[in-house]
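The structure file work-v8.txt is reproduced below (compact mmCIF, C-alpha atoms).
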```txt
# COMPACT_ATOMS: atom_id res chain seq x y z
CA MET A 1 4.85 13.94 -22.20
CA LYS A 2 5.05 10.35 -23.32
CA GLU A 3 2.09 8.14 -22.62
CA MET A 4 0.82 4.65 -23.29
CA LEU A 5 -2.84 4.12 -22.52
CA THR A 6 -3.52 0.64 -23.86
CA GLU A 7 -1.71 -2.23 -25.52
CA GLY A 8 0.56 -0.89 -28.24
CA LEU A 9 3.85 -1.12 -30.06
CA ILE A 10 7.08 -0.12 -28.37
CA TYR A 11 10.69 -0.21 -29.53
CA LEU A 12 13.33 -1.79 -27.32
CA ASN A 13 17.08 -1.68 -27.87
CA ILE A 14 18.09 -5.24 -27.03
CA ASN A 15 21.56 -6.67 -27.53
CA GLY A 16 22.40 -3.85 -29.95
CA GLU A 17 19.31 -4.38 -32.07
CA VAL A 18 16.11 -2.31 -32.08
CA ARG A 19 13.15 -4.68 -31.66
CA LYS A 20 9.50 -3.75 -32.10
CA THR A 21 6.99 -5.47 -29.87
CA LEU A 22 3.40 -5.31 -28.70
CA VAL A 23 2.91 -4.88 -24.95
CA ARG A 24 0.40 -3.69 -22.40
CA PRO A 25 1.59 -0.83 -20.16
CA ALA A 26 1.32 -3.34 -17.31
CA ASP A 27 3.63 -5.91 -18.92
CA THR A 28 6.99 -6.40 -17.26
CA LEU A 29 10.23 -6.38 -19.21
CA LEU A 30 10.63 -10.06 -18.31
CA PHE A 31 7.27 -10.87 -19.88
CA ALA A 32 8.06 -8.89 -23.03
CA LEU A 33 11.46 -10.52 -23.45
CA ARG A 34 10.21 -14.05 -23.04
CA GLU A 35 6.65 -14.06 -24.34
CA ARG A 36 6.81 -11.39 -27.02
CA LEU A 37 10.39 -11.50 -28.25
CA GLY A 38 11.33 -15.13 -27.69
CA LEU A 39 14.35 -14.24 -25.58
CA THR A 40 13.93 -16.95 -22.97
CA GLY A 41 17.36 -16.66 -21.36
CA ALA A 42 16.03 -14.46 -18.56
CA LYS A 43 14.18 -16.88 -16.31
CA PRO A 44 11.00 -16.36 -14.30
CA GLY A 45 11.64 -17.46 -10.75
CA CYS A 46 9.97 -15.68 -7.87
CA GLU A 47 8.82 -12.76 -10.09
CA ASN A 48 9.09 -10.75 -6.89
CA GLY A 49 12.62 -9.41 -7.15
CA ASP A 50 14.09 -11.91 -4.73
CA CYS A 51 15.79 -14.64 -6.77
CA GLY A 52 17.59 -12.75 -9.54
CA ALA A 53 16.97 -15.43 -12.21
CA CYS A 54 15.52 -12.76 -14.53
CA THR A 55 18.49 -10.38 -14.26
CA VAL A 56 19.43 -8.45 -17.41
CA LEU A 57 21.61 -5.38 -17.91
CA VAL A 58 19.98 -2.02 -18.46
CA ASP A 59 22.51 0.62 -19.50
CA GLY A 60 25.16 -1.72 -18.13
CA TRP A 61 23.60 -2.17 -14.68
CA PRO A 62 22.00 -5.41 -13.53
CA VAL A 63 18.24 -5.11 -13.19
CA LYS A 64 15.66 -7.70 -12.23
CA SER A 65 13.46 -7.65 -15.31
CA CYS A 66 10.43 -8.86 -13.31
CA LEU A 67 10.47 -5.49 -11.53
CA MET A 68 10.69 -3.25 -14.58
CA LEU A 69 7.86 -2.38 -16.94
CA ALA A 70 8.62 -3.04 -20.60
CA VAL A 71 7.49 0.47 -21.52
CA GLU A 72 9.87 1.84 -18.90
CA ALA A 73 12.79 0.22 -20.72
CA CYS A 74 12.29 2.24 -23.93
CA ASP A 75 15.25 4.57 -24.57
CA HIS A 76 17.59 2.28 -22.61
CA GLU A 77 20.13 -0.28 -23.76
CA ILE A 78 19.14 -3.77 -22.68
CA THR A 79 21.53 -6.71 -22.67
CA THR A 80 20.26 -10.23 -22.08
CA ILE A 81 22.20 -13.46 -21.76
CA GLU A 82 21.62 -13.96 -25.50
CA GLY A 83 23.74 -10.85 -26.05
CA LEU A 84 26.83 -12.40 -24.48
CA ASN A 85 29.04 -14.61 -26.60
CA ASN A 86 31.89 -16.58 -25.10
CA THR A 87 32.76 -13.90 -22.58
CA PRO A 88 35.27 -14.55 -19.78
CA ILE A 89 32.50 -14.94 -17.19
CA GLN A 90 30.69 -17.50 -19.36
CA ARG A 91 33.91 -19.47 -19.85
CA GLU A 92 34.73 -19.35 -16.15
CA PHE A 93 31.28 -20.63 -15.17
CA VAL A 94 32.08 -23.72 -17.24
CA GLU A 95 35.67 -24.00 -16.02
CA LYS A 96 34.73 -23.68 -12.35
CA PHE A 97 31.58 -25.87 -12.53
CA ALA A 98 29.61 -22.87 -11.26
CA PHE A 99 26.20 -24.39 -11.89
CA GLN A 100 24.28 -27.60 -11.46
CA CYS A 101 20.69 -27.38 -12.72
CA GLY A 102 21.50 -24.12 -14.52
CA TYR A 103 18.20 -22.33 -13.97
CA CYS A 104 19.73 -19.42 -12.06
CA THR A 105 22.82 -19.27 -14.29
CA PRO A 106 21.74 -16.61 -16.83
CA GLY A 107 20.77 -14.25 -14.02
CA PHE A 108 24.00 -14.87 -12.16
CA ILE A 109 26.07 -14.38 -15.31
CA MET A 110 24.35 -11.08 -16.14
CA ASN A 111 24.90 -9.82 -12.61
CA CYS A 112 28.55 -10.87 -12.76
CA GLN A 113 28.94 -9.27 -16.20
CA GLY A 114 27.62 -6.01 -14.75
CA LEU A 115 30.09 -6.26 -11.90
CA ILE A 116 32.99 -6.89 -14.29
CA ASN A 117 31.98 -3.92 -16.45
CA ILE A 118 31.43 -1.48 -13.60
CA HIS A 119 33.93 -2.64 -10.99
CA PRO A 120 36.75 -4.50 -12.76
CA ASP A 121 38.85 -3.94 -9.63
CA ALA A 122 36.15 -5.29 -7.28
CA SER A 123 37.24 -6.30 -3.80
CA ASP A 124 36.01 -9.49 -2.14
CA GLU A 125 33.56 -7.36 -0.17
CA VAL A 126 32.10 -5.82 -3.32
CA ILE A 127 31.87 -9.23 -5.01
CA ASN A 128 30.00 -10.66 -2.03
CA GLU A 129 27.69 -7.65 -1.92
CA TRP A 130 26.75 -8.04 -5.59
CA LEU A 131 26.36 -11.81 -5.50
CA GLN A 132 23.85 -11.59 -2.66
CA SER A 133 21.32 -10.39 -5.23
CA ASN A 134 20.91 -13.86 -6.75
CA ILE A 135 19.83 -17.19 -5.32
CA CYS A 136 21.12 -20.62 -6.38
CA ARG A 137 19.12 -23.46 -4.81
CA CYS A 138 21.81 -25.93 -5.90
CA THR A 139 24.08 -23.85 -3.66
CA SER A 140 26.92 -23.35 -6.14
CA TYR A 141 27.96 -20.18 -4.39
CA GLU A 142 31.60 -21.09 -3.80
CA GLU A 143 32.09 -22.03 -7.43
CA ILE A 144 30.28 -18.92 -8.66
CA THR A 145 32.51 -16.70 -6.52
CA ALA A 146 35.56 -18.50 -7.88
CA ALA A 147 34.29 -17.96 -11.44
CA VAL A 148 33.81 -14.22 -10.88
CA LYS A 149 37.28 -13.82 -9.39
CA SER A 150 38.83 -15.75 -12.22
CA ALA A 151 36.93 -13.74 -14.84
CA LEU A 152 37.98 -10.49 -13.18
CA ASN A 153 41.55 -11.70 -13.24
CA THR A 154 41.25 -12.57 -16.92
CA VAL A 155 39.71 -9.22 -17.82
CA ASN A 156 42.30 -7.27 -15.85
CA ASN A 157 45.21 -9.14 -17.40
CA ASP A 158 43.83 -9.20 -20.92
CA PRO A 159 41.24 -6.44 -21.37
CA VAL A 160 40.41 -7.50 -24.95
CA SER A 161 39.34 -10.97 -23.83
CA MET B 1 2.25 -11.03 -14.75
CA ILE B 2 0.23 -8.09 -13.51
CA PRO B 3 -3.42 -9.17 -13.68
CA PHE B 4 -4.97 -5.78 -14.45
CA ASP B 5 -4.38 -2.96 -16.90
CA PHE B 6 -3.27 0.56 -16.19
CA GLU B 7 -2.16 3.59 -18.17
CA TYR B 8 1.44 4.79 -18.26
CA TYR B 9 2.46 8.47 -18.37
CA ARG B 10 5.97 9.90 -18.44
CA PRO B 11 5.85 13.70 -17.93
CA SER B 12 8.90 15.86 -18.43
CA SER B 13 8.15 18.55 -15.86
CA THR B 14 6.79 18.75 -12.33
CA SER B 15 3.81 20.86 -13.42
CA GLU B 16 2.92 18.34 -16.11
CA ALA B 17 3.10 15.52 -13.56
CA VAL B 18 0.83 17.27 -11.07
CA GLN B 19 -1.61 18.29 -13.81
CA ILE B 20 -1.98 14.77 -15.17
CA PHE B 21 -2.29 13.39 -11.64
CA MET B 22 -5.21 15.71 -10.93
CA GLU B 23 -6.90 14.91 -14.25
CA LEU B 24 -6.55 11.17 -13.73
CA ASP B 25 -7.68 11.45 -10.14
CA ALA B 26 -10.76 13.44 -11.18
CA ALA B 27 -11.49 10.74 -13.76
CA GLY B 28 -11.45 8.12 -10.98
CA LYS B 29 -8.35 6.35 -12.27
CA ASN B 30 -6.57 6.21 -8.90
CA PRO B 31 -3.17 7.31 -10.26
CA ARG B 32 0.16 6.61 -8.57
CA TYR B 33 3.43 8.45 -8.93
CA TYR B 34 6.01 5.96 -10.15
CA GLY B 35 9.73 6.08 -9.37
CA GLY B 36 11.57 2.76 -9.40
CA GLY B 37 8.28 0.89 -9.33
CA THR B 38 9.57 -2.14 -7.44
CA GLU B 39 6.88 -2.00 -4.79
CA LEU B 40 4.04 -1.08 -7.16
CA ILE B 41 4.92 -3.91 -9.56
CA SER B 42 5.32 -6.57 -6.89
CA MET B 43 2.13 -5.56 -5.07
CA ALA B 44 0.18 -5.28 -8.33
CA ARG B 45 1.33 -8.74 -9.39
CA MET B 46 -0.08 -10.17 -6.17
CA ASN B 47 -3.27 -8.12 -6.61
CA SER B 48 -2.72 -6.53 -3.21
CA LEU B 49 -2.75 -3.06 -4.75
CA SER B 50 -4.56 -1.74 -7.79
CA PHE B 51 -4.41 1.52 -9.70
CA GLY B 52 -5.59 2.79 -13.04
CA ALA B 53 -2.54 4.81 -14.05
CA VAL B 54 1.09 5.36 -13.15
CA ILE B 55 2.96 8.62 -13.64
CA ASP B 56 6.63 7.87 -14.13
CA ILE B 57 8.55 10.89 -12.81
CA LYS B 58 12.06 9.72 -13.78
CA ALA B 59 12.16 11.94 -16.90
CA ILE B 60 11.74 15.13 -14.85
CA PRO B 61 15.20 16.75 -14.75
CA GLU B 62 14.78 18.21 -11.25
CA CYS B 63 14.10 14.74 -9.88
CA ASN B 64 17.53 13.54 -11.06
CA VAL B 65 19.68 16.27 -9.52
CA LEU B 66 22.74 15.17 -7.56
CA GLU B 67 24.96 18.11 -6.71
CA ILE B 68 26.28 20.39 -4.02
CA ASP B 69 25.13 23.94 -4.59
CA ASN B 70 25.48 26.96 -2.36
CA GLY B 71 26.45 24.91 0.69
CA HIS B 72 23.67 22.37 0.30
CA LEU B 73 23.53 18.84 -1.07
CA MET B 74 20.59 18.56 -3.46
CA LEU B 75 19.21 15.11 -4.08
CA GLY B 76 16.54 14.37 -6.67
CA THR B 77 14.08 11.79 -5.46
CA THR B 78 14.38 9.54 -8.51
CA LEU B 79 18.06 8.93 -7.78
CA THR B 80 18.49 5.25 -7.12
CA LEU B 81 19.98 3.92 -3.92
CA THR B 82 22.88 2.60 -6.02
CA ARG B 83 23.55 6.05 -7.45
CA LEU B 84 23.63 7.51 -3.94
CA HIS B 85 25.98 4.76 -2.84
CA GLU B 86 28.33 5.09 -5.81
CA SER B 87 28.52 8.90 -5.50
CA ASN B 88 29.03 8.66 -1.72
CA LEU B 89 28.43 12.39 -1.33
CA PHE B 90 26.55 11.67 1.89
CA PRO B 91 28.21 8.54 3.34
CA LEU B 92 25.60 7.92 6.04
CA LEU B 93 22.78 7.98 3.48
CA ALA B 94 24.84 5.85 1.11
CA GLN B 95 25.34 3.26 3.81
CA ALA B 96 21.71 3.27 4.95
CA GLY B 97 20.54 2.80 1.36
CA SER B 98 23.03 0.01 0.73
CA ARG B 99 21.26 -2.14 3.33
CA VAL B 100 17.80 -1.85 1.75
CA ALA B 101 16.87 -5.02 -0.19
CA ASP B 102 19.75 -6.38 -2.32
CA HIS B 103 22.34 -4.76 -4.54
CA THR B 104 20.56 -5.31 -7.85
CA ILE B 105 17.26 -3.96 -6.56
CA GLN B 106 19.07 -0.95 -5.14
CA SER B 107 19.73 0.12 -8.72
CA LYS B 108 15.95 0.31 -9.23
CA ILE B 109 14.67 1.55 -5.86
CA THR B 110 14.63 5.32 -5.78
CA LEU B 111 15.20 7.58 -2.80
CA GLY B 112 11.65 8.88 -3.09
CA GLY B 113 10.26 5.38 -3.41
CA ASN B 114 11.96 4.24 -0.24
CA LEU B 115 10.58 7.26 1.61
CA CYS B 116 7.03 7.27 0.26
CA GLY B 117 6.29 3.59 -0.39
CA SER B 118 4.11 1.48 1.85
CA ILE B 119 6.89 -0.60 3.43
CA ILE B 120 7.14 0.77 6.94
CA TYR B 121 10.89 0.76 7.48
CA LYS B 122 11.96 3.63 5.15
CA GLU B 123 15.59 3.26 6.15
CA ALA B 124 16.80 6.05 3.85
CA LEU B 125 14.74 8.45 5.94
CA LEU B 126 16.92 8.16 9.04
CA PRO B 127 19.90 10.23 7.77
CA LEU B 128 17.45 12.88 6.57
CA LEU B 129 15.82 13.13 10.00
CA LEU B 130 19.24 13.77 11.54
CA THR B 131 20.30 16.54 9.19
CA ASP B 132 17.43 19.06 9.27
CA THR B 133 16.69 18.14 5.67
CA GLU B 134 14.18 20.16 3.68
CA ALA B 135 11.98 18.69 0.96
CA LEU B 136 11.04 20.50 -2.22
CA ILE B 137 7.48 19.43 -3.00
CA ALA B 138 5.50 19.76 -6.20
CA GLY B 139 1.75 20.05 -5.85
CA PRO B 140 -1.41 21.71 -7.16
CA SER B 141 -0.36 25.09 -5.74
CA GLY B 142 3.13 24.94 -7.26
CA MET B 143 6.41 24.28 -5.49
CA LYS B 144 6.98 24.60 -1.76
CA THR B 145 9.51 23.48 0.84
CA ARG B 146 8.85 21.68 4.10
CA GLN B 147 10.98 20.10 6.77
CA VAL B 148 11.34 16.36 6.28
CA ASN B 149 10.64 15.68 9.95
CA ALA B 150 7.26 17.41 9.54
CA ILE B 151 6.34 15.37 6.46
CA PHE B 152 7.41 12.03 7.93
CA ASN B 153 5.79 12.25 11.32
CA GLN B 154 4.07 8.96 12.21
CA SER B 155 2.81 8.81 8.62
CA VAL B 156 3.66 10.36 5.25
CA GLN B 157 1.93 13.71 5.34
CA LEU B 158 1.61 14.72 1.71
CA GLU B 159 -1.55 15.72 -0.13
CA PRO B 160 -2.69 13.24 -2.80
CA ALA B 161 -1.36 15.15 -5.84
CA GLU B 162 1.89 16.17 -4.14
CA PHE B 163 5.25 14.49 -4.60
CA ILE B 164 8.73 15.20 -3.31
CA VAL B 165 11.03 16.48 -6.04
CA GLN B 166 14.25 17.06 -4.14
CA LEU B 167 15.82 16.87 -0.70
CA HIS B 168 18.23 19.54 0.51
CA MET B 169 20.59 19.27 3.46
CA ALA B 170 23.41 21.53 4.63
CA GLU B 171 26.83 20.43 3.46
CA LYS B 172 28.18 20.74 7.01
CA TYR B 173 26.37 17.54 7.99
CA LEU B 174 27.83 15.35 5.28
CA ALA B 175 31.24 14.76 6.85
CA LEU B 176 30.22 14.50 10.51
CA PRO B 177 31.15 11.35 12.44
CA TYR B 178 28.37 8.82 12.09
CA ILE B 179 27.31 5.27 12.80
CA HIS B 180 24.87 3.14 10.85
CA VAL B 181 23.95 -0.24 12.25
CA LYS B 182 21.24 -2.64 11.13
CA LYS B 183 20.31 -5.84 12.90
CA THR B 184 18.08 -8.39 11.22
CA LYS B 185 16.51 -11.59 12.43
CA GLN B 186 18.74 -13.84 10.35
CA ASP B 187 19.88 -12.99 6.81
CA LYS B 188 21.79 -9.84 5.96
CA ILE B 189 19.12 -8.98 3.39
CA ASN B 190 15.95 -8.60 5.40
CA TYR B 191 13.75 -6.06 7.10
CA PRO B 192 15.33 -4.61 10.22
CA LEU B 193 14.81 -5.72 13.75
CA VAL B 194 16.45 -2.44 14.62
CA THR B 195 18.28 0.05 12.42
CA ILE B 196 20.04 2.99 14.04
CA CYS B 197 21.60 5.99 12.33
CA ALA B 198 23.54 8.34 14.59
CA LEU B 199 25.47 11.56 13.94
CA LYS B 200 27.77 13.51 16.18
CA ASN B 201 27.23 17.22 15.65
CA GLY B 202 29.80 18.95 17.88
CA GLN B 203 29.22 17.31 21.25
CA GLU B 204 25.58 16.51 20.47
CA ILE B 205 24.61 12.99 19.43
CA ARG B 206 21.57 12.67 17.20
CA VAL B 207 19.86 9.32 16.74
CA ALA B 208 17.08 8.03 14.47
CA PHE B 209 15.47 4.59 14.40
CA SER B 210 13.76 2.18 12.02
CA GLY B 211 12.32 -1.23 12.79
CA VAL B 212 11.59 -0.26 16.39
CA SER B 213 8.04 0.88 15.70
CA ASP B 214 5.63 1.07 12.80
CA PHE B 215 7.22 4.29 11.52
CA PRO B 216 10.81 5.59 11.63
CA PHE B 217 11.41 8.32 14.16
CA ARG B 218 13.79 10.68 15.89
CA CYS B 219 12.96 11.90 19.40
CA SER B 220 14.36 15.01 21.11
CA ASN B 221 13.59 13.66 24.61
CA MET B 222 15.54 10.49 23.91
CA GLU B 223 18.47 12.51 22.56
CA ALA B 224 18.40 14.77 25.64
CA ALA B 225 18.69 11.69 27.83
CA LEU B 226 21.48 10.18 25.73
CA ASN B 227 23.45 13.44 25.75
CA GLU B 228 23.38 13.89 29.53
CA ARG B 229 27.09 13.20 29.88
CA SER B 230 27.22 13.56 33.65
CA ARG B 231 25.54 10.14 33.93
CA PRO B 232 26.94 6.73 32.92
CA ILE B 233 25.99 5.51 29.47
CA ASP B 234 23.84 2.56 30.57
CA SER B 235 21.81 4.84 32.80
CA ARG B 236 21.32 7.30 29.93
CA VAL B 237 20.22 4.52 27.58
CA ALA B 238 17.75 3.23 30.16
CA ARG B 239 16.33 6.73 30.57
CA ALA B 240 16.11 7.18 26.78
CA LEU B 241 14.10 3.98 26.46
CA GLU B 242 11.79 5.14 29.27
CA VAL B 243 10.90 8.28 27.31
CA MET B 244 10.75 6.56 23.91
CA PRO B 245 7.45 7.80 22.41
CA VAL B 246 6.47 4.72 20.40
CA ARG B 247 5.04 1.27 20.91
CA VAL B 248 7.75 -1.26 20.11
CA LEU B 249 6.94 -3.57 17.20
CA ASN B 250 6.02 -7.12 18.06
CA ASN B 251 5.93 -9.24 14.89
CA LEU B 252 7.41 -12.25 13.11
CA GLU B 253 10.76 -10.51 12.72
CA GLY B 254 11.10 -10.22 16.47
CA SER B 255 9.17 -9.75 19.71
CA ALA B 256 8.95 -6.36 21.40
CA ASP B 257 11.09 -7.64 24.27
CA PHE B 258 13.78 -8.86 21.90
CA ARG B 259 13.77 -5.57 20.03
CA ARG B 260 14.19 -3.69 23.32
CA PHE B 261 17.10 -5.95 24.21
CA ILE B 262 18.76 -5.29 20.83
CA LEU B 263 18.03 -1.58 21.08
CA THR B 264 19.56 -1.30 24.55
CA ASN B 265 22.78 -2.98 23.46
CA LEU B 266 23.05 -1.05 20.20
CA LEU B 267 22.40 2.33 21.79
CA THR B 268 25.00 1.66 24.46
CA SER B 269 27.53 0.74 21.81
CA VAL B 270 26.64 3.64 19.48
CA VAL B 271 26.80 6.32 22.17
CA GLY B 272 30.02 4.90 23.60
CA SER B 273 31.71 4.81 20.21
CA LEU B 274 30.66 8.31 19.19
CA GLU B 275 31.71 9.79 22.55
CA ALA B 276 35.03 8.03 22.37
CA ASP B 277 35.59 9.54 18.92
CA ALA B 278 36.20 6.00 17.74
CA ILE B 279 34.50 6.63 14.41
```
Rendering of file as structure tokens:
Amino acid sequence: MKEMLTEGLIYLNINGEVRKTLVRPADTLLFALRERLGLTGAKPGCENGDCGACTVLVDGWPVKSCLMLAVEACDHEITTIEGLNNTPIQREFVEKFAFQCGYCTPGFIMNCQGLINIHPDASDEVINEWLQSNICRCTSYEEITAAVKSALNTVNNDPVS
Amino acid sequence: MIPFDFEYYRPSSTSEAVQIFMELDAAGKNPRYYGGGTELISMARMNSLSFGAVIDIKAIPECNVLEIDNGHLMLGTTLTLTRLHESNLFPLLAQAGSRVADHTIQSKITLGGNLCGSIIYKEALLPLLLTDTEALIAGPSGMKTRQVNAIFNQSVQLEPAEFIVQLHMAEKYLALPYIHVKKTKQDKINYPLVTICALKNGQEIRVAFSGVSDFPFRCSNMEAALNERSRPIDSRVARALEVMPVRVLNNLEGSADFRRFILTNLLTSVVGSLEADAI
């Protein structure tokens, strides 16, 4: 049985790199990423699982890092927005003007990246279903949907992009 | 940030989980079994729930089973709602789970968490109530099985150290005609005003409800009324609502009168569609 009784060191596999960090068992993954590891791309919004600004990928699936304990993430592969580099979805967010203030953007991009990885042939219905997990108070929803569709198109036509 | 400390345990077997629960409980640490943790984390953050230890059961192999064996679907209770949806082995359950919270959170919420958490709606329970599902339970006296409709009867009737490991339902139910419908006050992602799951087993229609009262339910008297085919559907629905054994919820999501109005219309539509074999 694994156990963690008080604050201690854990190892997290983040963006392909094993990082050592000090956390309490009660610390969320979002807290560990931002306050312990300096990865501030995942944003604190509601911290209640509603807004999606803190979304990261865990084993390829989007997860709201405010609703996951850091210790729970050991033995899993975590990808944050810092782990993406000029991907199709990032380029399409720029091309389609899919943000205004930008606060929700990392969370949206990670959710979209998960969708592209898992459902590269996603229908409009599936896209809408996934995008409902994130909130943009600048209401860039039309542009974000356009960016996802364009990125899916790019990935399907040129898988190495 | 969660404003208090707790201990974290990740056992690898059911017996280890029960043993540590009892030890922590005896030590006054108020332990909680931990599946997806979405509810525990959000309630802890707001200080509306406190505990001294969590026992994360996701590393227990039996809790992750997803297979059909010997004519039964076996579902581990740490399967996420997303996993159930993507596998689609039980389409009614997949659909019910896909309307709980939002898509991202569904990949964290577990089946067991939806059933045993404190949120009253427990929408993943409805398909289980309709399919004579049995629960495999781990507890201080070892493993035992109980009918789901006995465990989830007006409240969750488990002993403190017990937890549900798996759910088993006969394969024959998985492909039956069904309807799932959820009505909310406004947004698609919200708690239900009324959620109905219905199955057609031969000529018999089975119906279970969430959002109508403070606990999900299935009622044999209501089903008897709904299945009385010699009478017109609206008369059967009216009779079913007369014998409904619960007090209808009256809260911010909707008044009791509005819920009854929704329920009447939905039941009429559900029964009509299933009888017309339109599914």
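When all atoms listed in the file are used to measure the gap to B:Leu241, the shortest distance among B:Arg260, B:Arg229, B:Lys108, B:His180 belongs to B:Arg260.
Minimum distance to chain B across A:Asn128, A:Asn85, A:Ser123, A:Asn156 (counting all atoms listed in the file) occurs at A:Asn128.
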When the cut-off is 10 Å and we count only C-alpha atoms, which residues of chain B are near chain A, given as a PyMOL selection string?
chain B and resi 1-13+16-17+20+36-46+52-56+58-59+82+98-99+101-109+188-189
Output the selection as a PDB file, in the coordinates of the input - C-alpha atoms for each residue.
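This is the output file again.pdb:
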```pdb
ATOM      1  CA  MET B   1       2.250 -11.030 -14.750  1.00  0.00           C
ATOM      2  CA  ILE B   2       0.230  -8.090 -13.510  1.00  0.00           C
ATOM      3  CA  PRO B   3      -3.420  -9.170 -13.680  1.00  0.00           C
ATOM      4  CA  PHE B   4      -4.970  -5.780 -14.450  1.00  0.00           C
ATOM      5  CA  ASP B   5      -4.380  -2.960 -16.900  1.00  0.00           C
ATOM      6  CA  PHE B   6      -3.270   0.560 -16.190  1.00  0.00           C
ATOM      7  CA  GLU B   7      -2.160   3.590 -18.170  1.00  0.00           C
ATOM      8  CA  TYR B   8       1.440   4.790 -18.260  1.00  0.00           C
ATOM      9  CA  TYR B   9       2.460   8.470 -18.370  1.00  0.00           C
ATOM     10  CA  ARG B  10       5.970   9.900 -18.440  1.00  0.00           C
ATOM     11  CA  PRO B  11       5.850  13.700 -17.930  1.00  0.00           C
ATOM     12  CA  SER B  12       8.900  15.860 -18.430  1.00  0.00           C
ATOM     13  CA  SER B  13       8.150  18.550 -15.860  1.00  0.00           C
ATOM     14  CA  GLU B  16       2.920  18.340 -16.110  1.00  0.00           C
ATOM     15  CA  ALA B  17       3.100  15.520 -13.560  1.00  0.00           C
ATOM     16  CA  ILE B  20      -1.980  14.770 -15.170  1.00  0.00           C
ATOM     17  CA  GLY B  36      11.570   2.760  -9.400  1.00  0.00           C
ATOM     18  CA  GLY B  37       8.280   0.890  -9.330  1.00  0.00           C
ATOM     19  CA  THR B  38       9.570  -2.140  -7.440  1.00  0.00           C
ATOM     20  CA  GLU B  39       6.880  -2.000  -4.790  1.00  0.00           C
ATOM     21  CA  LEU B  40       4.040  -1.080  -7.160  1.00  0.00           C
ATOM     22  CA  ILE B  41       4.920  -3.910  -9.560  1.00  0.00           C
ATOM     23  CA  SER B  42       5.320  -6.570  -6.890  1.00  0.00           C
ATOM     24  CA  MET B  43       2.130  -5.560  -5.070  1.00  0.00           C
ATOM     25  CA  ALA B  44       0.180  -5.280  -8.330  1.00  0.00           C
ATOM     26  CA  ARG B  45       1.330  -8.740  -9.390  1.00  0.00           C
ATOM     27  CA  MET B  46      -0.080 -10.170  -6.170  1.00  0.00           C
ATOM     28  CA  GLY B  52      -5.590   2.790 -13.040  1.00  0.00           C
ATOM     29  CA  ALA B  53      -2.540   4.810 -14.050  1.00  0.00           C
ATOM     30  CA  VAL B  54       1.090   5.360 -13.150  1.00  0.00           C
ATOM     31  CA  ILE B  55       2.960   8.620 -13.640  1.00  0.00           C
ATOM     32  CA  ASP B  56       6.630   7.870 -14.130  1.00  0.00           C
ATOM     33  CA  LYS B  58      12.060   9.720 -13.780  1.00  0.00           C
ATOM     34  CA  ALA B  59      12.160  11.940 -16.900  1.00  0.00           C
ATOM     35  CA  THR B  82      22.880   2.600  -6.020  1.00  0.00           C
ATOM     36  CA  SER B  98      23.030   0.010   0.730  1.00  0.00           C
ATOM     37  CA  ARG B  99      21.260  -2.140   3.330  1.00  0.00           C
ATOM     38  CA  ALA B 101      16.870  -5.020  -0.190  1.00  0.00           C
ATOM     39  CA  ASP B 102      19.750  -6.380  -2.320  1.00  0.00           C
ATOM     40  CA  HIS B 103      22.340  -4.760  -4.540  1.00  0.00           C
ATOM     41  CA  THR B 104      20.560  -5.310  -7.850  1.00  0.00           C
ATOM     42  CA  ILE B 105      17.260  -3.960  -6.560  1.00  0.00           C
ATOM     43  CA  GLN B 106      19.070  -0.950  -5.140  1.00  0.00           C
ATOM     44  CA  SER B 107      19.730   0.120  -8.720  1.00  0.00           C
ATOM     45  CA  LYS B 108      15.950   0.310  -9.230  1.00  0.00           C
ATOM     46  CA  ILE B 109      14.670   1.550  -5.860  1.00  0.00           C
ATOM     47  CA  LYS B 188      21.790  -9.840   5.960  1.00  0.00           C
ATOM     48  CA  ILE B 189      19.120  -8.980   3.390  1.00  0.00           C
TER      49      ILE B 189
END
```
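In this model, the gap between atom CA of B:Ser213 and atom CA of B:Gly254 comes to 11.5 Å.
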Point-to-point distance from atom CA of B:Pro216 to atom CA of B:Phe258, Å rounded to tenths:
18.0 Å
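Interatomic distance, atom CA of B:Ala170 to atom CA of B:Thr131: 7.4 Å.
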Name the residues in contact with A:Arg137 at a cut-off of 12 Å, using only C-alpha atoms, excluding same-chain residues fewer than 5 positions from it; report them as a PDB file with C-alpha atoms, in the coordinates of the input.
```pdb
ATOM      1  CA  GLY A  45      11.640 -17.460 -10.750  1.00  0.00           C
ATOM      2  CA  CYS A  51      15.790 -14.640  -6.770  1.00  0.00           C
ATOM      3  CA  GLY A  52      17.590 -12.750  -9.540  1.00  0.00           C
ATOM      4  CA  ALA A  53      16.970 -15.430 -12.210  1.00  0.00           C
ATOM      5  CA  PHE A  99      26.200 -24.390 -11.890  1.00  0.00           C
ATOM      6  CA  GLN A 100      24.280 -27.600 -11.460  1.00  0.00           C
ATOM      7  CA  CYS A 101      20.690 -27.380 -12.720  1.00  0.00           C
ATOM      8  CA  GLY A 102      21.500 -24.120 -14.520  1.00  0.00           C
ATOM      9  CA  TYR A 103      18.200 -22.330 -13.970  1.00  0.00           C
ATOM     10  CA  CYS A 104      19.730 -19.420 -12.060  1.00  0.00           C
ATOM     11  CA  THR A 105      22.820 -19.270 -14.290  1.00  0.00           C
TER      12      THR A 105
END
```
Using all atoms listed in the file, find the one residue out of A:Ile127, A:Leu22, A:Cys74, A:Ile118 that sits nearest to A:Ser150.
A:Ile127
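Taking only C-alpha atoms, the non-local environment of A:Gly41 within 8 Å (same-chain residues fewer than 4 positions away omitted) comprises Arg34, Thr80, Ile81, Glu82 and Pro106 of chain A.
Counting only C-alpha atoms, the residue from B:Gln154, B:Asp69, B:Glu171, B:Glu162 that sits nearest to B:Thr133 is B:Glu171.
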